[in-house]
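Encoded as structure tokens, the structure appears first; notes follow it.
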Amino acid sequence: VGGDGTMKIAQALYEKGVPVVGVPKTIDNDLDVTDVTFGFNSAVTIATDALDKLHTTAESHHRLLVLEVMGRDCGWIALEAGIAGGADVILIPEIPFDLNTVCEHILARKKRGKRFSIVIVAEGAYPEGGRKVYEQEPGADGAPGRLGGIGRWVAEKIGLLAKMETRVTVLGHIQRGGTPTTYDRILAMRFGVEAANLIARGKY
């Protein structure tokens, strides 16, 4: 039960003759040949709730608020929470962003009388021609590194260009814990039942 690292190990064990059934679980929703992993819906719900809470502060204080969410190299959490939570800008790793375009959109909102904006950014997002931001750089030995800091980088750049007061919220591991949604509970149960059925039929 797990994400891509877990599944790589499971595949290696299977190739060595160990009978294995893999169950896809990750908040990032980034596994091949898998429509949805359990954990993802719960993480999106937490991120959406955070956006709902940030809206009141952003509107009352006329600020630009940036919310950084997890997802590694995948933007599903930012995309779905951003749409559901009414973010004004959504930045994801799959589409490198143009900072000037982002600022033009925020300034256009200001001209229409919207004196605040909310940006949601996936931790793996990066600007066109730029690179991803790491708290801990990838190692020479192939270690993946630890993503983090793009939210603060985006807030500083937009704040200067759009001349707006900015604040950053990094949800971090809050997205990974707590009570799972009903959807995730039922999905996990279905995966568990199917895993047991596969084992009973000798299919690994």
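FYI, nothing fancy with the structure tokens labels: chains A, B, ... in order, residues from 1 per chain, ligands from 1 as they appear.
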Would you tabulate, counting only C-alpha atoms, all residues of segment 25-109 of chain A that have an atom at most 8 Å from an atom of segment 165-182 of chain A, showing the closest pair of atoms and their distance in Å to one decimal, sorted by chain then ascending number, as CSV?
```
residue,atom,partner,partner_atom,distance
A:Ile27,CA,A:Arg176,CA,7.0
A:Gly39,CA,A:Pro180,CA,7.2
A:Asn41,CA,A:Thr181,CA,6.9
A:Ser42,CA,A:Thr181,CA,5.2
A:Ala43,CA,A:Gln175,CA,4.8
A:Val44,CA,A:Gln175,CA,7.8
A:Thr45,CA,A:Thr181,CA,7.9
A:Ile46,CA,A:Gln175,CA,6.0
A:Ala47,CA,A:Gln175,CA,7.0
A:Arg63,CA,A:Glu165,CA,5.5
A:Leu64,CA,A:Thr166,CA,4.7
A:Leu65,CA,A:Arg167,CA,5.0
A:Val66,CA,A:Val168,CA,4.8
A:Leu67,CA,A:Thr169,CA,4.9
A:Glu68,CA,A:Val170,CA,4.8
A:Val69,CA,A:Leu171,CA,5.8
A:Met70,CA,A:Gly172,CA,6.5
```
Take the selection from the previous step and output its residues with N, CA, C and O atoms, as a compact mmCIF listing (two decimals), in the first residue's frame.
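That gives us out33.txt:
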```
# COMPACT_ATOMS: atom_id res chain seq x y z
N ILE A 27 -1.38 11.02 -1.60
CA ILE A 27 -2.15 12.25 -1.74
C ILE A 27 -1.86 12.93 -3.07
O ILE A 27 -2.66 13.73 -3.55
N GLY A 39 -6.45 8.94 -0.50
CA GLY A 39 -5.63 9.96 0.16
C GLY A 39 -5.72 11.28 -0.57
O GLY A 39 -5.66 12.35 0.03
N ASN A 41 -8.32 12.69 -2.32
CA ASN A 41 -9.53 13.46 -2.05
C ASN A 41 -9.47 14.15 -0.69
O ASN A 41 -9.90 15.29 -0.54
N SER A 42 -8.90 13.46 0.29
CA SER A 42 -8.77 14.05 1.63
C SER A 42 -7.85 15.26 1.61
O SER A 42 -8.13 16.30 2.22
N ALA A 43 -6.73 15.15 0.87
CA ALA A 43 -5.78 16.26 0.77
C ALA A 43 -6.40 17.45 0.05
O ALA A 43 -6.21 18.60 0.45
N VAL A 44 -7.13 17.18 -1.02
CA VAL A 44 -7.80 18.26 -1.77
C VAL A 44 -8.83 18.96 -0.88
O VAL A 44 -8.95 20.18 -0.91
N THR A 45 -9.55 18.19 -0.08
CA THR A 45 -10.55 18.76 0.81
C THR A 45 -9.90 19.70 1.83
O THR A 45 -10.42 20.79 2.11
N ILE A 46 -8.75 19.31 2.37
CA ILE A 46 -8.03 20.15 3.33
C ILE A 46 -7.54 21.44 2.66
O ILE A 46 -7.67 22.54 3.21
N ALA A 47 -6.99 21.31 1.45
CA ALA A 47 -6.49 22.49 0.72
C ALA A 47 -7.64 23.43 0.35
O ALA A 47 -7.50 24.66 0.42
N ARG A 63 -5.14 41.97 0.41
CA ARG A 63 -3.80 41.42 0.23
C ARG A 63 -3.75 40.37 -0.86
O ARG A 63 -4.78 39.83 -1.28
N LEU A 64 -2.55 40.08 -1.28
CA LEU A 64 -2.30 38.94 -2.15
C LEU A 64 -1.85 37.79 -1.25
O LEU A 64 -0.85 37.91 -0.54
N LEU A 65 -2.61 36.72 -1.23
CA LEU A 65 -2.26 35.56 -0.41
C LEU A 65 -1.85 34.40 -1.31
O LEU A 65 -2.52 34.12 -2.31
N VAL A 66 -0.76 33.75 -0.95
CA VAL A 66 -0.25 32.61 -1.70
C VAL A 66 -0.33 31.37 -0.82
O VAL A 66 0.15 31.38 0.32
N LEU A 67 -0.94 30.32 -1.35
CA LEU A 67 -1.04 29.04 -0.64
C LEU A 67 -0.19 28.01 -1.38
O LEU A 67 -0.43 27.72 -2.55
N GLU A 68 0.81 27.47 -0.69
CA GLU A 68 1.66 26.42 -1.28
C GLU A 68 1.17 25.05 -0.80
O GLU A 68 1.01 24.84 0.40
N VAL A 69 0.92 24.15 -1.75
CA VAL A 69 0.43 22.82 -1.41
C VAL A 69 1.40 21.76 -1.92
O VAL A 69 2.27 22.03 -2.74
N MET A 70 1.21 20.53 -1.44
CA MET A 70 2.07 19.42 -1.83
C MET A 70 1.70 18.90 -3.22
O MET A 70 0.85 19.46 -3.91
```
Identify, with DSSP run on backbone atoms, the residues in segment 56-125 of chain A assigned to strand (DSSP E), and express the list as a PyMOL selection string. chain A and resi 64-69+89-91+117-122
Keeping C-alpha atoms for every residue in the selection just given, could you write it to a file as a compact mmCIF listing (two decimals), in the first residue's frame?
```
# COMPACT_ATOMS: atom_id res chain seq x y z
CA LEU A 64 -2.30 38.94 -2.15
CA LEU A 65 -2.26 35.56 -0.41
CA VAL A 66 -0.25 32.61 -1.70
CA LEU A 67 -1.04 29.04 -0.64
CA GLU A 68 1.66 26.42 -1.28
CA VAL A 69 0.43 22.82 -1.41
CA VAL A 89 -4.30 31.89 -10.06
CA ILE A 90 -3.32 28.20 -10.10
CA LEU A 91 0.33 27.28 -10.71
CA SER A 117 -6.08 37.90 -5.04
CA ILE A 118 -5.34 34.33 -4.01
CA VAL A 119 -2.68 32.21 -5.71
CA ILE A 120 -2.40 28.47 -5.13
CA VAL A 121 0.92 26.94 -6.14
CA ALA A 122 2.01 23.31 -6.19
```
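With only C-alpha atoms as the atoms that count, the residue of A:Leu198, A:Ala87, A:Val21, A:Val33 with the shortest distance to Asp52 of chain A is A:Ala87.
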Check the DSSP output for the backbone and give back, as a ChimeraX atom specification, the residues of chain A in alpha helix (DSSP H). /A:4-15,40-61,76-84,99-111,150-162,182-200
A:Arg185, A:His62, A:Arg152, A:Lys157: which is nearest Asn100 of chain A, counting only C-alpha atoms? A:Lys157
Distance atom CA of Pro93 of chain A-atom CA of Ala108 of chain A, one decimal place? 24.3 Å
Within 10 Å of Cys74 of chain A, counting only C-alpha atoms, which residues qualify if same-chain residues fewer than 5 places away don't, as a PyMOL selection string? chain A and resi 28-31+79+92-94+122-125
May I have the selected residues written with all heavy atoms, as a PDB file, in the first residue's frame?
```pdb
ATOM      1  N   ASP A  28      -0.707  12.605  -3.702  1.00  0.00           N
ATOM      2  CA  ASP A  28      -0.299  13.300  -4.924  1.00  0.00           C
ATOM      3  C   ASP A  28      -1.092  12.874  -6.159  1.00  0.00           C
ATOM      4  O   ASP A  28      -1.098  13.583  -7.156  1.00  0.00           O
ATOM      5  CB  ASP A  28       1.195  13.064  -5.189  1.00  0.00           C
ATOM      6  CG  ASP A  28       2.062  13.515  -4.024  1.00  0.00           C
ATOM      7  OD1 ASP A  28       1.672  14.483  -3.345  1.00  0.00           O
ATOM      8  OD2 ASP A  28       3.120  12.908  -3.796  1.00  0.00           O
ATOM      9  N   ASN A  29      -1.738  11.706  -6.115  1.00  0.00           N
ATOM     10  CA  ASN A  29      -2.502  11.177  -7.251  1.00  0.00           C
ATOM     11  C   ASN A  29      -1.622  11.083  -8.505  1.00  0.00           C
ATOM     12  O   ASN A  29      -2.048  11.431  -9.610  1.00  0.00           O
ATOM     13  CB  ASN A  29      -3.734  12.053  -7.542  1.00  0.00           C
ATOM     14  CG  ASN A  29      -4.788  11.317  -8.338  1.00  0.00           C
ATOM     15  OD1 ASN A  29      -5.034  10.138  -8.133  1.00  0.00           O
ATOM     16  ND2 ASN A  29      -5.424  12.012  -9.258  1.00  0.00           N
ATOM     17  N   ASP A  30      -0.394  10.585  -8.340  1.00  0.00           N
ATOM     18  CA  ASP A  30       0.581  10.629  -9.439  1.00  0.00           C
ATOM     19  C   ASP A  30       1.077   9.256  -9.893  1.00  0.00           C
ATOM     20  O   ASP A  30       2.180   9.134 -10.414  1.00  0.00           O
ATOM     21  CB  ASP A  30       1.785  11.486  -9.032  1.00  0.00           C
ATOM     22  CG  ASP A  30       2.520  10.929  -7.816  1.00  0.00           C
ATOM     23  OD1 ASP A  30       2.014   9.972  -7.182  1.00  0.00           O
ATOM     24  OD2 ASP A  30       3.600  11.450  -7.493  1.00  0.00           O
ATOM     25  N   LEU A  31       0.248   8.216  -9.696  1.00  0.00           N
ATOM     26  CA  LEU A  31       0.673   6.879 -10.107  1.00  0.00           C
ATOM     27  C   LEU A  31       0.201   6.565 -11.516  1.00  0.00           C
ATOM     28  O   LEU A  31      -0.950   6.834 -11.871  1.00  0.00           O
ATOM     29  CB  LEU A  31       0.134   5.821  -9.145  1.00  0.00           C
ATOM     30  CG  LEU A  31       0.749   5.814  -7.745  1.00  0.00           C
ATOM     31  CD1 LEU A  31       0.081   4.759  -6.886  1.00  0.00           C
ATOM     32  CD2 LEU A  31       2.243   5.578  -7.805  1.00  0.00           C
ATOM     33  N   LEU A  79      -4.553  22.049  -8.579  1.00  0.00           N
ATOM     34  CA  LEU A  79      -5.550  22.259  -9.624  1.00  0.00           C
ATOM     35  C   LEU A  79      -6.969  22.085  -9.103  1.00  0.00           C
ATOM     36  O   LEU A  79      -7.816  22.976  -9.250  1.00  0.00           O
ATOM     37  CB  LEU A  79      -5.299  21.304 -10.790  1.00  0.00           C
ATOM     38  CG  LEU A  79      -6.253  21.432 -11.977  1.00  0.00           C
ATOM     39  CD1 LEU A  79      -6.111  22.795 -12.639  1.00  0.00           C
ATOM     40  CD2 LEU A  79      -6.007  20.320 -12.979  1.00  0.00           C
ATOM     41  N   ILE A  92       0.940  25.063 -11.525  1.00  0.00           N
ATOM     42  CA  ILE A  92       1.207  23.629 -11.406  1.00  0.00           C
ATOM     43  C   ILE A  92       2.477  23.259 -12.173  1.00  0.00           C
ATOM     44  O   ILE A  92       2.862  23.958 -13.117  1.00  0.00           O
ATOM     45  CB  ILE A  92       0.007  22.791 -11.908  1.00  0.00           C
ATOM     46  CG1 ILE A  92      -0.317  23.099 -13.370  1.00  0.00           C
ATOM     47  CG2 ILE A  92      -1.217  23.028 -11.020  1.00  0.00           C
ATOM     48  CD1 ILE A  92      -1.414  22.241 -13.966  1.00  0.00           C
ATOM     49  N   PRO A  93       3.138  22.152 -11.792  1.00  0.00           N
ATOM     50  CA  PRO A  93       4.390  21.755 -12.441  1.00  0.00           C
ATOM     51  C   PRO A  93       4.241  21.435 -13.930  1.00  0.00           C
ATOM     52  O   PRO A  93       5.177  21.605 -14.696  1.00  0.00           O
ATOM     53  CB  PRO A  93       4.815  20.492 -11.668  1.00  0.00           C
ATOM     54  CG  PRO A  93       4.084  20.558 -10.387  1.00  0.00           C
ATOM     55  CD  PRO A  93       2.803  21.273 -10.667  1.00  0.00           C
ATOM     56  N   GLU A  94       3.056  20.968 -14.323  1.00  0.00           N
ATOM     57  CA  GLU A  94       2.847  20.547 -15.708  1.00  0.00           C
ATOM     58  C   GLU A  94       2.876  21.712 -16.698  1.00  0.00           C
ATOM     59  O   GLU A  94       3.089  21.506 -17.899  1.00  0.00           O
ATOM     60  CB  GLU A  94       1.500  19.807 -15.835  1.00  0.00           C
ATOM     61  CG  GLU A  94       1.450  18.468 -15.135  1.00  0.00           C
ATOM     62  CD  GLU A  94       1.119  18.540 -13.648  1.00  0.00           C
ATOM     63  OE1 GLU A  94       1.110  19.653 -13.073  1.00  0.00           O
ATOM     64  OE2 GLU A  94       0.867  17.485 -13.051  1.00  0.00           O
ATOM     65  N   ALA A 122       1.497  24.627  -6.538  1.00  0.00           N
ATOM     66  CA  ALA A 122       2.013  23.305  -6.189  1.00  0.00           C
ATOM     67  C   ALA A 122       3.504  23.405  -5.911  1.00  0.00           C
ATOM     68  O   ALA A 122       4.213  24.191  -6.553  1.00  0.00           O
ATOM     69  CB  ALA A 122       1.764  22.323  -7.337  1.00  0.00           C
ATOM     70  N   GLU A 123       3.993  22.618  -4.971  1.00  0.00           N
ATOM     71  CA  GLU A 123       5.396  22.725  -4.543  1.00  0.00           C
ATOM     72  C   GLU A 123       6.390  22.486  -5.680  1.00  0.00           C
ATOM     73  O   GLU A 123       7.516  22.964  -5.640  1.00  0.00           O
ATOM     74  CB  GLU A 123       5.679  21.764  -3.389  1.00  0.00           C
ATOM     75  CG  GLU A 123       5.502  20.297  -3.750  1.00  0.00           C
ATOM     76  CD  GLU A 123       5.663  19.367  -2.555  1.00  0.00           C
ATOM     77  OE1 GLU A 123       6.017  19.850  -1.466  1.00  0.00           O
ATOM     78  OE2 GLU A 123       5.443  18.155  -2.726  1.00  0.00           O
ATOM     79  N   GLY A 124       5.960  21.763  -6.730  1.00  0.00           N
ATOM     80  CA  GLY A 124       6.864  21.478  -7.846  1.00  0.00           C
ATOM     81  C   GLY A 124       6.739  22.443  -9.009  1.00  0.00           C
ATOM     82  O   GLY A 124       7.408  22.284 -10.038  1.00  0.00           O
ATOM     83  N   ALA A 125       5.894  23.477  -8.885  1.00  0.00           N
ATOM     84  CA  ALA A 125       5.721  24.454  -9.966  1.00  0.00           C
ATOM     85  C   ALA A 125       6.989  25.281 -10.130  1.00  0.00           C
ATOM     86  O   ALA A 125       7.766  25.461  -9.188  1.00  0.00           O
ATOM     87  CB  ALA A 125       4.528  25.358  -9.662  1.00  0.00           C
TER      88      ALA A 125
END
```
For Gly149 of chain A, find every residue with an atom within 7 Å (counting only C-alpha atoms), except residues of its own chain fewer than 3 positions away, and show them as JSON, numbers by chain. {"A": [133, 134, 135, 152, 153]}
Could those residues be written to a file, using N, CA and C atoms, as a PDB file, in the first residue's frame?
```pdb
ATOM      1  N   VAL A 133      12.137  24.898  -6.942  1.00  0.00           N
ATOM      2  CA  VAL A 133      12.727  25.419  -5.702  1.00  0.00           C
ATOM      3  C   VAL A 133      12.768  24.287  -4.678  1.00  0.00           C
ATOM      4  N   TYR A 134      13.937  24.099  -4.076  1.00  0.00           N
ATOM      5  CA  TYR A 134      14.132  23.013  -3.118  1.00  0.00           C
ATOM      6  C   TYR A 134      14.521  23.542  -1.744  1.00  0.00           C
ATOM      7  N   GLU A 135      13.963  22.914  -0.720  1.00  0.00           N
ATOM      8  CA  GLU A 135      14.462  23.133   0.636  1.00  0.00           C
ATOM      9  C   GLU A 135      15.778  22.393   0.798  1.00  0.00           C
ATOM     10  N   ARG A 152       6.909  31.177  -1.279  1.00  0.00           N
ATOM     11  CA  ARG A 152       7.546  32.419  -0.838  1.00  0.00           C
ATOM     12  C   ARG A 152       8.181  33.149  -2.013  1.00  0.00           C
ATOM     13  N   TRP A 153       8.799  32.390  -2.921  1.00  0.00           N
ATOM     14  CA  TRP A 153       9.435  32.977  -4.105  1.00  0.00           C
ATOM     15  C   TRP A 153       8.395  33.702  -4.959  1.00  0.00           C
TER      16      TRP A 153
END
```
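Between Arg115 of chain A and the residues A:Gln11, A:Thr37, A:Ser60, A:Thr6, the shortest atom-to-atom distance, using only C-alpha atoms, involves A:Ser60.
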Find the residue from A:Ala78, A:Ala162, A:Gly142, A:Pro96 that sits nearest to Arg109 of chain A; use only C-alpha atoms when measuring. A:Ala162
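Going from atom CA of Cys103 of chain A to atom CA of Gly82 of chain A covers 17.4 Å.
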So which residues touch Lys8 of chain A within 12 Å, counting only C-alpha atoms, skipping near sequence neighbours fewer than 5 positions away, as an MDAnalysis selection string? chainID A and resid 1:3 13:15 20 22 24 31:32
With C-alpha atoms retained, write the just-selected residues as a PDB file, in the first residue's frame.
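New file result09.pdb:
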```
ATOM      1  CA  VAL A   1       0.000   0.000   0.000  1.00  0.00           C
ATOM      2  CA  GLY A   2       1.643   3.257  -1.072  1.00  0.00           C
ATOM      3  CA  GLY A   3       2.904   5.597  -3.745  1.00  0.00           C
ATOM      4  CA  LEU A  13      10.085  -7.893  -5.152  1.00  0.00           C
ATOM      5  CA  TYR A  14       7.586  -9.331  -7.644  1.00  0.00           C
ATOM      6  CA  GLU A  15      10.359  -9.703 -10.244  1.00  0.00           C
ATOM      7  CA  VAL A  20       2.736  -9.004  -4.329  1.00  0.00           C
ATOM      8  CA  GLY A  22      -0.018  -3.247  -4.973  1.00  0.00           C
ATOM      9  CA  PRO A  24      -2.310   2.752  -4.802  1.00  0.00           C
ATOM     10  CA  LEU A  31       0.673   6.879 -10.107  1.00  0.00           C
ATOM     11  CA  ASP A  32       0.714   5.535 -13.667  1.00  0.00           C
TER      12      ASP A  32
END
```
Enter the distance from atom CA of Asp73 of chain A to atom CA of Leu147 of chain A, in Å, rounded to one decimal. 9.1 Å
